[in-house]
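**Student:** This one is input15.cif, mmCIF, C-alpha atoms and all ligand atoms.
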data_start
#
loop_
_atom_site.label_atom_id
_atom_site.label_comp_id
_atom_site.auth_asym_id
_atom_site.auth_seq_id
_atom_site.Cartn_x
_atom_site.Cartn_y
_atom_site.Cartn_z
CA MET A 1 -10.67 -30.20 -15.60
CA ARG A 2 -11.70 -28.98 -12.12
CA THR A 3 -8.06 -29.25 -10.96
CA LEU A 4 -6.84 -27.30 -14.00
CA ILE A 5 -9.30 -24.50 -13.20
CA LYS A 6 -7.93 -24.38 -9.63
CA TYR A 7 -4.45 -23.73 -11.07
CA LEU A 8 -5.71 -21.08 -13.50
CA ILE A 9 -7.81 -18.97 -11.11
CA HIS A 10 -4.97 -17.02 -9.49
CA PRO A 11 -3.07 -15.94 -12.66
CA THR A 12 -6.36 -15.21 -14.47
CA ILE A 13 -7.76 -12.83 -11.85
CA LEU A 14 -4.40 -11.03 -11.56
CA VAL A 15 -4.31 -10.44 -15.32
CA ILE A 16 -7.90 -9.14 -15.25
CA TYR A 17 -7.27 -6.84 -12.25
CA MET A 18 -4.05 -5.40 -13.68
CA THR A 19 -5.68 -4.83 -17.09
CA ILE A 20 -8.50 -2.90 -15.38
CA ALA A 21 -5.96 -0.90 -13.30
CA TYR A 22 -3.92 -0.02 -16.42
CA LYS A 23 -6.92 0.83 -18.66
CA PHE A 24 -8.71 3.03 -16.14
CA TYR A 25 -5.72 4.75 -14.49
CA ALA A 26 -6.04 7.87 -16.65
CA GLN A 27 -9.85 8.10 -16.34
CA VAL A 28 -10.73 7.22 -12.73
CA HIS A 29 -9.35 8.75 -9.53
CA PRO A 30 -6.63 6.36 -8.22
CA PHE A 31 -8.32 6.03 -4.82
CA LEU A 32 -11.67 5.03 -6.39
CA LEU A 33 -9.97 2.68 -8.82
CA LEU A 34 -8.01 0.99 -6.02
CA LEU A 35 -11.10 0.72 -3.78
CA SER A 36 -13.14 -0.79 -6.64
CA LEU A 37 -10.44 -3.36 -7.35
CA VAL A 38 -10.15 -4.28 -3.66
CA LEU A 39 -13.94 -4.77 -3.44
CA ILE A 40 -14.10 -6.82 -6.65
CA ASN A 41 -11.19 -8.93 -5.41
CA LEU A 42 -12.73 -9.43 -1.94
CA THR A 43 -16.13 -10.38 -3.37
CA PHE A 44 -14.58 -12.95 -5.67
CA LEU A 45 -12.32 -14.37 -2.92
CA TRP A 46 -15.26 -14.65 -0.48
CA PHE A 47 -17.17 -16.51 -3.21
CA LEU A 48 -14.22 -18.92 -3.59
CA GLU A 49 -13.98 -19.41 0.20
CA TRP A 50 -17.66 -20.41 0.16
CA LEU A 51 -17.43 -22.57 -2.98
CA ILE A 52 -14.11 -24.42 -2.51
CA PRO A 53 -12.77 -23.85 1.04
CA PHE A 54 -9.26 -25.13 1.70
CA LYS A 55 -10.23 -25.97 5.30
CA LYS A 56 -13.88 -25.80 6.41
CA LYS A 57 -12.83 -25.11 10.01
CA TRP A 58 -11.13 -21.85 8.90
CA LYS A 59 -14.46 -20.39 7.72
CA MET A 60 -14.86 -16.70 8.65
CA ASP A 61 -17.43 -16.24 11.44
CA LYS A 62 -19.33 -13.07 12.37
CA LYS A 63 -16.76 -12.07 15.02
CA GLY A 64 -13.91 -12.55 12.53
CA PHE A 65 -15.75 -10.38 10.02
CA LEU A 66 -16.43 -7.54 12.48
CA VAL A 67 -12.95 -7.48 14.04
CA ASN A 68 -11.36 -7.28 10.61
CA LEU A 69 -13.84 -4.62 9.49
CA LYS A 70 -12.66 -2.46 12.39
CA TYR A 71 -9.03 -3.06 11.44
CA PHE A 72 -9.90 -2.22 7.82
CA GLY A 73 -11.16 1.20 8.97
CA ILE A 74 -8.29 1.87 11.41
CA ASN A 75 -5.70 0.87 8.83
CA ALA A 76 -7.19 3.00 6.06
CA ALA A 77 -6.21 5.96 8.27
CA ALA A 78 -2.80 4.39 9.06
CA ASP A 79 -2.25 3.86 5.34
CA SER A 80 -2.86 7.54 4.59
CA LEU A 81 -0.53 8.59 7.40
CA GLY A 82 2.14 6.23 6.05
CA LYS A 83 1.67 7.63 2.54
CA LEU A 84 2.05 11.23 3.67
CA SER A 85 5.14 10.38 5.75
CA ALA A 86 6.68 8.52 2.79
CA ILE A 87 6.14 11.51 0.48
CA PHE A 88 7.53 13.89 3.12
CA ILE A 89 10.66 11.75 3.64
CA ALA A 90 11.15 11.22 -0.10
CA MET A 91 10.98 15.00 -0.71
CA LYS A 92 14.02 15.39 1.54
CA LEU A 93 16.03 12.88 -0.48
CA THR A 94 17.31 13.21 -4.02
CA ALA A 95 14.99 11.44 -6.41
CA GLY A 96 16.22 9.79 -9.61
CA THR A 97 14.10 9.06 -12.65
CA VAL A 98 13.28 5.62 -14.02
CA ASP A 99 12.39 6.13 -17.67
CA LEU A 100 11.20 2.69 -18.77
CA PRO A 101 8.03 1.34 -20.39
CA LEU A 102 5.43 0.12 -17.85
CA TYR A 103 5.96 -3.56 -18.67
CA TYR A 104 9.53 -3.21 -17.33
CA SER A 105 9.04 -0.56 -14.67
CA VAL A 106 6.05 -2.19 -12.89
CA PRO A 107 7.73 -5.60 -12.30
CA LEU A 108 10.93 -3.80 -11.24
CA ALA A 109 8.95 -1.62 -8.81
CA VAL A 110 7.23 -4.72 -7.36
CA ILE A 111 10.61 -6.42 -6.87
CA ALA A 112 12.04 -3.25 -5.26
CA LEU A 113 9.12 -2.66 -2.91
CA GLU A 114 9.13 -6.28 -1.85
CA PHE A 115 12.86 -6.11 -1.07
CA PHE A 116 12.08 -3.50 1.57
CA GLY A 117 8.82 -5.25 2.52
CA TYR A 118 10.71 -8.53 2.97
CA TRP A 119 13.30 -7.08 5.37
CA ILE A 120 10.76 -5.07 7.35
CA HIS A 121 8.53 -8.14 7.71
CA ARG A 122 11.46 -10.39 8.60
CA SER A 123 12.66 -7.92 11.27
CA THR A 124 9.20 -7.85 12.82
CA HIS A 125 9.58 -11.58 13.48
CA GLN A 126 12.49 -10.94 15.89
CA ASP A 127 11.52 -10.98 19.57
CA GLY A 128 10.91 -7.58 21.13
CA LEU A 129 9.00 -4.43 20.22
CA LEU A 130 8.68 -5.18 16.50
CA TRP A 131 7.28 -8.65 17.17
CA ARG A 132 4.72 -7.16 19.58
CA VAL A 133 3.69 -4.82 16.75
CA HIS A 134 3.43 -7.62 14.17
CA SER A 135 2.26 -10.54 16.31
CA ILE A 136 -1.42 -9.54 16.32
CA HIS A 137 -1.46 -10.43 12.61
CA HIS A 138 -0.45 -13.97 13.60
CA THR A 139 -2.70 -14.62 16.60
CA PRO A 140 -5.81 -15.89 14.72
CA ASN A 141 -5.88 -19.69 14.58
CA LYS A 142 -7.28 -19.65 11.06
CA ILE A 143 -6.41 -17.84 7.88
CA PHE A 144 -8.92 -16.32 5.47
CA THR A 145 -8.77 -13.40 3.05
CA TRP A 146 -10.45 -10.83 5.32
CA ASN A 147 -7.96 -11.33 8.17
CA ASN A 148 -5.28 -9.86 5.94
CA ASN A 149 -6.61 -6.64 7.57
CA LYS A 150 -5.62 -7.66 11.09
CA MET A 151 -2.47 -5.57 11.34
CA HIS A 152 -1.35 -3.09 13.96
CA PRO A 153 -1.52 0.44 12.45
CA LEU A 154 2.17 0.93 13.35
CA ASN A 155 2.94 -2.10 11.20
CA ILE A 156 1.03 -0.51 8.30
CA VAL A 157 2.84 2.84 8.71
CA LEU A 158 6.22 1.09 8.91
CA LEU A 159 5.58 -0.94 5.75
CA LYS A 160 4.14 2.03 3.89
CA ILE A 161 7.08 4.29 4.68
CA GLY A 162 9.67 1.59 3.91
CA ARG A 163 8.18 0.48 0.61
CA LEU A 164 6.78 3.73 -0.78
CA THR A 165 9.69 6.03 0.12
CA SER A 166 12.09 3.73 -1.71
CA LEU A 167 9.95 3.66 -4.86
CA ILE A 168 9.68 7.46 -4.92
CA VAL A 169 13.41 7.93 -4.24
CA ILE A 170 14.38 5.43 -6.94
CA GLY A 171 12.32 7.60 -9.29
CA PHE A 172 9.46 5.40 -10.51
CA SER A 173 6.58 7.32 -12.12
CA ALA A 174 3.27 7.85 -10.29
CA GLU A 175 1.55 5.38 -12.66
CA THR A 176 4.21 2.72 -12.06
CA ILE A 177 3.94 3.17 -8.28
CA PHE A 178 0.13 2.96 -8.46
CA LEU A 179 0.20 -0.25 -10.54
CA ALA A 180 2.93 -1.88 -8.42
CA THR A 181 1.33 -1.06 -5.05
CA THR A 182 -2.12 -2.10 -6.34
CA PHE A 183 -0.66 -5.42 -7.45
CA ALA A 184 0.94 -5.89 -4.02
CA LEU A 185 -2.27 -5.06 -2.12
CA LEU A 186 -4.44 -7.40 -4.22
CA GLN A 187 -1.82 -10.12 -3.88
CA ASN A 188 -1.85 -9.77 -0.08
CA TYR A 189 -5.59 -10.49 0.00
CA ILE A 190 -5.25 -13.42 -2.43
CA SER A 191 -2.37 -14.97 -0.46
CA HIS A 192 -4.58 -15.12 2.67
CA VAL A 193 -7.56 -16.77 0.95
CA ASN A 194 -8.96 -19.95 2.49
CA ALA A 195 -9.80 -21.49 -0.88
CA ASP A 196 -8.47 -24.57 -2.59
CA ILE A 197 -6.74 -22.74 -5.43
CA ARG A 198 -3.46 -24.30 -6.46
CA GLY A 199 -0.02 -22.76 -6.82
CA GLY A 200 2.14 -25.35 -8.58
CA LEU A 201 4.75 -23.65 -10.76
CA LEU A 202 3.12 -20.27 -10.03
CA SER A 203 4.57 -20.46 -6.49
CA TYR A 204 8.02 -19.91 -8.07
CA ILE A 205 6.84 -16.73 -9.83
CA ILE A 206 4.44 -14.98 -7.42
CA GLY A 207 3.28 -15.45 -3.81
CA THR A 208 0.44 -17.99 -3.60
CA PRO A 209 -1.94 -18.96 -0.75
CA GLU A 210 -0.01 -22.26 -0.45
CA LEU A 211 3.19 -20.35 0.35
CA HIS A 212 1.66 -17.74 2.62
CA ARG A 213 -0.39 -20.04 4.84
CA LEU A 214 2.92 -21.67 5.76
CA HIS A 215 4.09 -18.26 7.01
CA HIS A 216 1.16 -18.35 9.46
CA SER A 217 2.09 -21.80 10.80
CA THR A 218 2.46 -22.33 14.55
CA ASN A 219 5.50 -24.43 13.67
CA ARG A 220 8.47 -22.03 13.43
CA GLU A 221 10.23 -24.39 10.97
CA GLU A 222 7.32 -23.83 8.57
CA ALA A 223 6.72 -20.16 9.32
CA LEU A 224 8.92 -18.83 6.50
CA ASN A 225 7.93 -17.12 3.19
CA TYR A 226 8.07 -13.53 4.45
CA SER A 227 6.99 -12.03 1.14
CA ALA A 228 3.32 -12.63 0.27
CA VAL A 229 3.68 -10.89 -3.11
CA ILE A 230 6.67 -12.54 -4.85
CA PRO A 231 8.89 -15.41 -3.64
CA TYR A 232 12.26 -14.21 -5.05
CA TRP A 233 13.66 -12.54 -1.94
CA ASP A 234 12.72 -15.58 0.16
CA MET A 235 14.53 -17.77 -2.38
CA ILE A 236 17.63 -15.55 -2.37
CA PHE A 237 17.80 -15.15 1.43
CA GLY A 238 17.02 -18.82 2.24
CA THR A 239 13.53 -18.49 3.71
CA PHE A 240 11.51 -20.07 0.89
CA LEU A 241 9.37 -23.14 1.68
CA ASN A 242 6.97 -24.75 -0.78
CA GLN A 243 4.64 -27.47 0.51
CA GLN A 244 0.91 -28.10 0.30
CA GLU A 245 0.02 -28.82 3.93
CA VAL A 246 0.47 -26.64 6.99
CA GLU A 247 0.63 -27.97 10.57
CA SER A 248 -1.71 -25.45 12.25
CA ILE A 249 -2.26 -21.69 12.13
CA GLY A 250 -1.48 -19.12 14.81
CA VAL A 251 1.13 -18.49 17.49
CA HIS A 252 2.52 -21.37 19.54
CA ASN A 253 1.69 -19.72 22.91
CA PRO A 254 -1.68 -17.92 22.30
CA GLU A 255 -2.28 -17.36 26.03
CA ASP A 256 0.55 -14.78 26.02
CA TYR A 257 -1.26 -12.54 23.52
CA PRO A 258 -4.33 -10.29 23.77
CA ASN A 259 -7.48 -11.16 21.82
CA GLU A 260 -9.40 -7.91 22.01
CA ILE A 261 -8.77 -4.89 19.77
CA LYS A 262 -8.00 -2.28 22.44
CA GLN A 263 -5.48 -4.58 24.13
CA GLU A 264 -3.99 -5.52 20.76
CA LEU A 265 -3.44 -1.86 19.89
CA LEU A 266 -1.73 -1.29 23.26
CA PHE A 267 0.25 -4.54 23.09
CA PRO A 268 3.48 -3.07 21.57
CA PHE A 269 3.77 -0.69 24.51
CA ARG A 270 3.57 -3.48 27.09
CA LYS A 271 6.60 -5.26 28.45
CA GLY A 272 7.11 -9.00 28.06
CA VAL A 273 6.53 -11.68 25.38
ZN ZN A 301 4.50 -12.34 9.64
#
Any chance you could give the structure as structure tokens?
Ligand SMILES: [Zn+2]
**Tutor:**
Amino acid sequence: MRTLIKYLIHPTILVIYMTIAYKFYAQVHPFLLLLSLVLINLTFLWFLEWLIPFKKKWKMDKKGFLVNLKYFGINAAADSLGKLSAIFIAMKLTAGTVDLPLYYSVPLAVIALEFFGYWIHRSTHQDGLLWRVHSIHHTPNKIFTWNNNKMHPLNIVLLKIGRLTSLIVIGFSAETIFLATTFALLQNYISHVNADIRGGLLSYIIGTPELHRLHHSTNREEALNYSAVIPYWDMIFGTFLNQQEVESIGVHNPEDYPNEIKQELLFPFRKGV
């Protein structure tokens, strides 16, 4: 029974969150609705990390909380900048119109945004400037839901422009884009959770913590699964890996990377690595 519950948690909370997002979209300001869902999601995931941790040694400490709180604030600004840039770029391009019911348009929008997200993320794993931008997300030697925030603001802007511009240009409605991007954001927090919730067959339908913690492996053979939201593009492009255990978390040469926020923010502009 306990094991069955562990399999049901992930799909159940997603259904609840998306029902709330759909029901309240017309009544609550999108920003407030998104913020409320993020906070509900975080509270529940923190509760799971306390109740059924996947690895006790990956528990979030005070330093981990504070560092990620700072990144949360910095990246809220980066997110807005990315959004404005995406709208500006999209206005310059011819937009189509996708006239489909939400139950078709939202999954299609998620698949489309993750196509661009997949290739942007995969390119940031090549050595050079893009890796220096992305690597600070991989330097922690443990993975928990709150360190989903630990991203360089340039990484956030890049992802926002790549994913959002394409959705606007394709012609998805504002409601579809809101529901699809909300789903993706909530999924990113869930996929980082340090809780013993199981994927099983779900790992072939959406991104699960089992799949994404492999992406954070120090072992490059395991560090696949570039999409934390859905696994299809990894399956199609040969980077899908599904296994329960992960060797260890982090980068294989941590001494080459900074571990303080100011240095991390300057890291892309430094030579080397
Ligand atoms: Zn990565």
**Student:** May I ask which of the residues A:Phe178, A:Phe116, A:Phe237, A:Phe44 is the closest one to A:His10, counting all atoms listed in the file?
**Tutor:** A:Phe44
**Student:** Report the distance between atom CA of A:Ile249 and atom CA of A:Lys57 in Å, rounded to one decimal place.
**Tutor:**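 According to the coordinates, atom CA of A:Ile249 and atom CA of A:Lys57 are separated by 11.3 Å.
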**Student:** Do a neighbour search on stretch 164-176 of chain A at 7 Å with only C-alpha atoms, toss out local chain neighbours closer than 5 positions, and write the hits as an MDAnalysis selection string.
**Tutor:** chainID A and resid 86:87 89:90 93:98 102 105:106 109 113
**Student:** Output the neighbourhood of ligand ZN 301 (chain A) as an NGL selection string, that is, all protein and nucleic acid residues with some atom at most 12 Å from the ligand, counting all atoms listed in the file.
**Tutor:** :A and (117-126 or 130-139 or 148 or 150-152 or 155 or 188 or 192 or 212-218 or 220 or 222-228 or 249-251)
**Student:** Take the residues just selected and output them with C-alpha atoms as an mmCIF file, in the coordinates of the input.
**Tutor:**
data_model
loop_
_atom_site.group_PDB
_atom_site.id
_atom_site.type_symbol
_atom_site.label_atom_id
_atom_site.label_comp_id
_atom_site.auth_asym_id
_atom_site.auth_seq_id
_atom_site.Cartn_x
_atom_site.Cartn_y
_atom_site.Cartn_z
ATOM 1 C CA GLY A 117 8.820 -5.250 2.520
ATOM 2 C CA TYR A 118 10.710 -8.530 2.970
ATOM 3 C CA TRP A 119 13.300 -7.080 5.370
ATOM 4 C CA ILE A 120 10.760 -5.070 7.350
ATOM 5 C CA HIS A 121 8.530 -8.140 7.710
ATOM 6 C CA ARG A 122 11.460 -10.390 8.600
ATOM 7 C CA SER A 123 12.660 -7.920 11.270
ATOM 8 C CA THR A 124 9.200 -7.850 12.820
ATOM 9 C CA HIS A 125 9.580 -11.580 13.480
ATOM 10 C CA GLN A 126 12.490 -10.940 15.890
ATOM 11 C CA LEU A 130 8.680 -5.180 16.500
ATOM 12 C CA TRP A 131 7.280 -8.650 17.170
ATOM 13 C CA ARG A 132 4.720 -7.160 19.580
ATOM 14 C CA VAL A 133 3.690 -4.820 16.750
ATOM 15 C CA HIS A 134 3.430 -7.620 14.170
ATOM 16 C CA SER A 135 2.260 -10.540 16.310
ATOM 17 C CA ILE A 136 -1.420 -9.540 16.320
ATOM 18 C CA HIS A 137 -1.460 -10.430 12.610
ATOM 19 C CA HIS A 138 -0.450 -13.970 13.600
ATOM 20 C CA THR A 139 -2.700 -14.620 16.600
ATOM 21 C CA ASN A 148 -5.280 -9.860 5.940
ATOM 22 C CA LYS A 150 -5.620 -7.660 11.090
ATOM 23 C CA MET A 151 -2.470 -5.570 11.340
ATOM 24 C CA HIS A 152 -1.350 -3.090 13.960
ATOM 25 C CA ASN A 155 2.940 -2.100 11.200
ATOM 26 C CA ASN A 188 -1.850 -9.770 -0.080
ATOM 27 C CA HIS A 192 -4.580 -15.120 2.670
ATOM 28 C CA HIS A 212 1.660 -17.740 2.620
ATOM 29 C CA ARG A 213 -0.390 -20.040 4.840
ATOM 30 C CA LEU A 214 2.920 -21.670 5.760
ATOM 31 C CA HIS A 215 4.090 -18.260 7.010
ATOM 32 C CA HIS A 216 1.160 -18.350 9.460
ATOM 33 C CA SER A 217 2.090 -21.800 10.800
ATOM 34 C CA THR A 218 2.460 -22.330 14.550
ATOM 35 C CA ARG A 220 8.470 -22.030 13.430
ATOM 36 C CA GLU A 222 7.320 -23.830 8.570
ATOM 37 C CA ALA A 223 6.720 -20.160 9.320
ATOM 38 C CA LEU A 224 8.920 -18.830 6.500
ATOM 39 C CA ASN A 225 7.930 -17.120 3.190
ATOM 40 C CA TYR A 226 8.070 -13.530 4.450
ATOM 41 C CA SER A 227 6.990 -12.030 1.140
ATOM 42 C CA ALA A 228 3.320 -12.630 0.270
ATOM 43 C CA ILE A 249 -2.260 -21.690 12.130
ATOM 44 C CA GLY A 250 -1.480 -19.120 14.810
ATOM 45 C CA VAL A 251 1.130 -18.490 17.490
#
**Student:** Go ahead and compute the interatomic distance for atom CA of A:Leu45 and atom CA of A:Thr3, in Å to one decimal.
**Tutor:**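 Computing the Euclidean distance for atom CA of A:Leu45 and atom CA of A:Thr3 yields 17.4 Å.
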**Student:** To one decimal place in Å, what is the distance between atom CA of A:Lys92 and atom CA of A:Arg163?
**Tutor:**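 Separation of atom CA of A:Lys92 and atom CA of A:Arg163: 16.0 Å.
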**Student:** Pick out the residues sitting within 12 Å of stretch 20-30 of chain A, and hand them over as a list in words; count only C-alpha atoms, and ignore anything fewer than 6 positions along from it in its own chain.
**Tutor:**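 What passes the distance filter is Ile13, Leu14, Ser36, Leu37, Val38, Ile40, Asn41, Leu102, Tyr103, Val106, Ala174, Glu175, Thr176, Ile177, Phe178, Leu179, Ala180, Thr181, Thr182, Phe183 and Leu186 of chain A.
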**Student:** Out of A:Lys6, A:Lys56, A:Lys83, A:Lys262, which residue has the shortest atom-to-atom distance to A:Tyr71 when counting all atoms listed in the file?
**Tutor:**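 Answer, going by the shortest atom-to-atom distance: A:Lys262.
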**Student:** Quick one: residues within 12 Å of (-2.0, -4.2, 24.4) (file frame), counting all atoms listed in the file, please, as a PyMOL selection string.
**Tutor:** chain A and resi 129+132-133+135-136+152+256-273
**Student:** Include C-alpha atoms and write out the residues we just selected as a PDB file, keeping the file's coordinate frame.
**Tutor:**
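Written output follows (out.pdb):
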ATOM      1  CA  LEU A 129       9.000  -4.430  20.220  1.00  0.00           C
ATOM      2  CA  ARG A 132       4.720  -7.160  19.580  1.00  0.00           C
ATOM      3  CA  VAL A 133       3.690  -4.820  16.750  1.00  0.00           C
ATOM      4  CA  SER A 135       2.260 -10.540  16.310  1.00  0.00           C
ATOM      5  CA  ILE A 136      -1.420  -9.540  16.320  1.00  0.00           C
ATOM      6  CA  HIS A 152      -1.350  -3.090  13.960  1.00  0.00           C
ATOM      7  CA  ASP A 256       0.550 -14.780  26.020  1.00  0.00           C
ATOM      8  CA  TYR A 257      -1.260 -12.540  23.520  1.00  0.00           C
ATOM      9  CA  PRO A 258      -4.330 -10.290  23.770  1.00  0.00           C
ATOM     10  CA  ASN A 259      -7.480 -11.160  21.820  1.00  0.00           C
ATOM     11  CA  GLU A 260      -9.400  -7.910  22.010  1.00  0.00           C
ATOM     12  CA  ILE A 261      -8.770  -4.890  19.770  1.00  0.00           C
ATOM     13  CA  LYS A 262      -8.000  -2.280  22.440  1.00  0.00           C
ATOM     14  CA  GLN A 263      -5.480  -4.580  24.130  1.00  0.00           C
ATOM     15  CA  GLU A 264      -3.990  -5.520  20.760  1.00  0.00           C
ATOM     16  CA  LEU A 265      -3.440  -1.860  19.890  1.00  0.00           C
ATOM     17  CA  LEU A 266      -1.730  -1.290  23.260  1.00  0.00           C
ATOM     18  CA  PHE A 267       0.250  -4.540  23.090  1.00  0.00           C
ATOM     19  CA  PRO A 268       3.480  -3.070  21.570  1.00  0.00           C
ATOM     20  CA  PHE A 269       3.770  -0.690  24.510  1.00  0.00           C
ATOM     21  CA  ARG A 270       3.570  -3.480  27.090  1.00  0.00           C
ATOM     22  CA  LYS A 271       6.600  -5.260  28.450  1.00  0.00           C
ATOM     23  CA  GLY A 272       7.110  -9.000  28.060  1.00  0.00           C
ATOM     24  CA  VAL A 273       6.530 -11.680  25.380  1.00  0.00           C
TER      25      VAL A 273
END
**Student:** Under the rule that only C-alpha atoms are counted, which of A:Met91, A:Leu201, A:Leu211, A:Met18 is the nearest residue to A:Ala184?
**Tutor:**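 The closest residue to A:Ala184 is A:Met18.
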**Student:** When distances are computed from all atoms listed in the file, which of A:Lys55, A:Lys63, A:Lys160, A:Arg2 shows the smallest separation from A:Glu245?
**Tutor:**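 Looking at the shortest contact to A:Glu245, the residue is A:Lys55.
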**Student:** Could you tell me which of A:Pro53, A:Pro231, A:Gly238, A:Pro107 comes closest to A:Asn194 if we count all atoms listed in the file?
**Tutor:** A:Pro53
**Student:** Have a look at A:Val67, A:Leu39, A:Ala195, A:Ile236 and name the one nearest to A:Tyr7; count all atoms listed in the file.
**Tutor:**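 Ranking A:Val67, A:Leu39, A:Ala195, A:Ile236 by distance to A:Tyr7, first place goes to A:Ala195.
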**Student:** Enclose the full set of atoms of stretch 248-259 of chain A listed in the file within a box whose edges lie along x, y and z, apply 6 Å of padding to each of the six sides, and report centre and edge lengths in Å to one decimal as AutoDock Vina command-line options.
**Tutor:**
--center_x -2.5 --center_y -17.9 --center_z 19.1 --size_x 22.0 --size_y 27.2 --size_z 25.9
**Student:** Add whatever atoms are absent from stretch 31-42 of chain A to reach N, CA and C atoms, and provide the output as a short mmCIF file (atom, residue, chain, number, x, y, z; two decimals), keeping the file's coordinate frame.
**Tutor:**
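As written to disk, selection_35.cif reads:
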data_model
loop_
_atom_site.label_atom_id
_atom_site.label_comp_id
_atom_site.auth_asym_id
_atom_site.auth_seq_id
_atom_site.Cartn_x
_atom_site.Cartn_y
_atom_site.Cartn_z
N PHE A 31 -7.74 6.59 -6.05
CA PHE A 31 -8.32 6.03 -4.82
C PHE A 31 -9.57 5.20 -5.14
N LEU A 32 -10.43 5.75 -6.02
CA LEU A 32 -11.67 5.03 -6.39
C LEU A 32 -11.36 3.76 -7.15
N LEU A 33 -10.36 3.86 -8.02
CA LEU A 33 -9.97 2.68 -8.82
C LEU A 33 -9.43 1.57 -7.90
N LEU A 34 -8.58 1.96 -6.95
CA LEU A 34 -8.01 0.99 -6.02
C LEU A 34 -9.12 0.37 -5.15
N LEU A 35 -10.01 1.22 -4.63
CA LEU A 35 -11.10 0.72 -3.78
C LEU A 35 -11.99 -0.25 -4.57
N SER A 36 -12.30 0.09 -5.81
CA SER A 36 -13.14 -0.79 -6.64
C SER A 36 -12.45 -2.14 -6.84
N LEU A 37 -11.16 -2.10 -7.12
CA LEU A 37 -10.44 -3.36 -7.35
C LEU A 37 -10.38 -4.21 -6.08
N VAL A 38 -10.17 -3.54 -4.93
CA VAL A 38 -10.15 -4.28 -3.66
C VAL A 38 -11.51 -4.94 -3.42
N LEU A 39 -12.60 -4.21 -3.67
CA LEU A 39 -13.94 -4.77 -3.44
C LEU A 39 -14.27 -5.90 -4.41
N ILE A 40 -13.88 -5.75 -5.67
CA ILE A 40 -14.10 -6.82 -6.65
C ILE A 40 -13.32 -8.07 -6.21
N ASN A 41 -12.06 -7.83 -5.84
CA ASN A 41 -11.19 -8.93 -5.41
C ASN A 41 -11.77 -9.64 -4.18
N LEU A 42 -12.18 -8.85 -3.16
CA LEU A 42 -12.73 -9.43 -1.94
C LEU A 42 -14.00 -10.24 -2.23
#
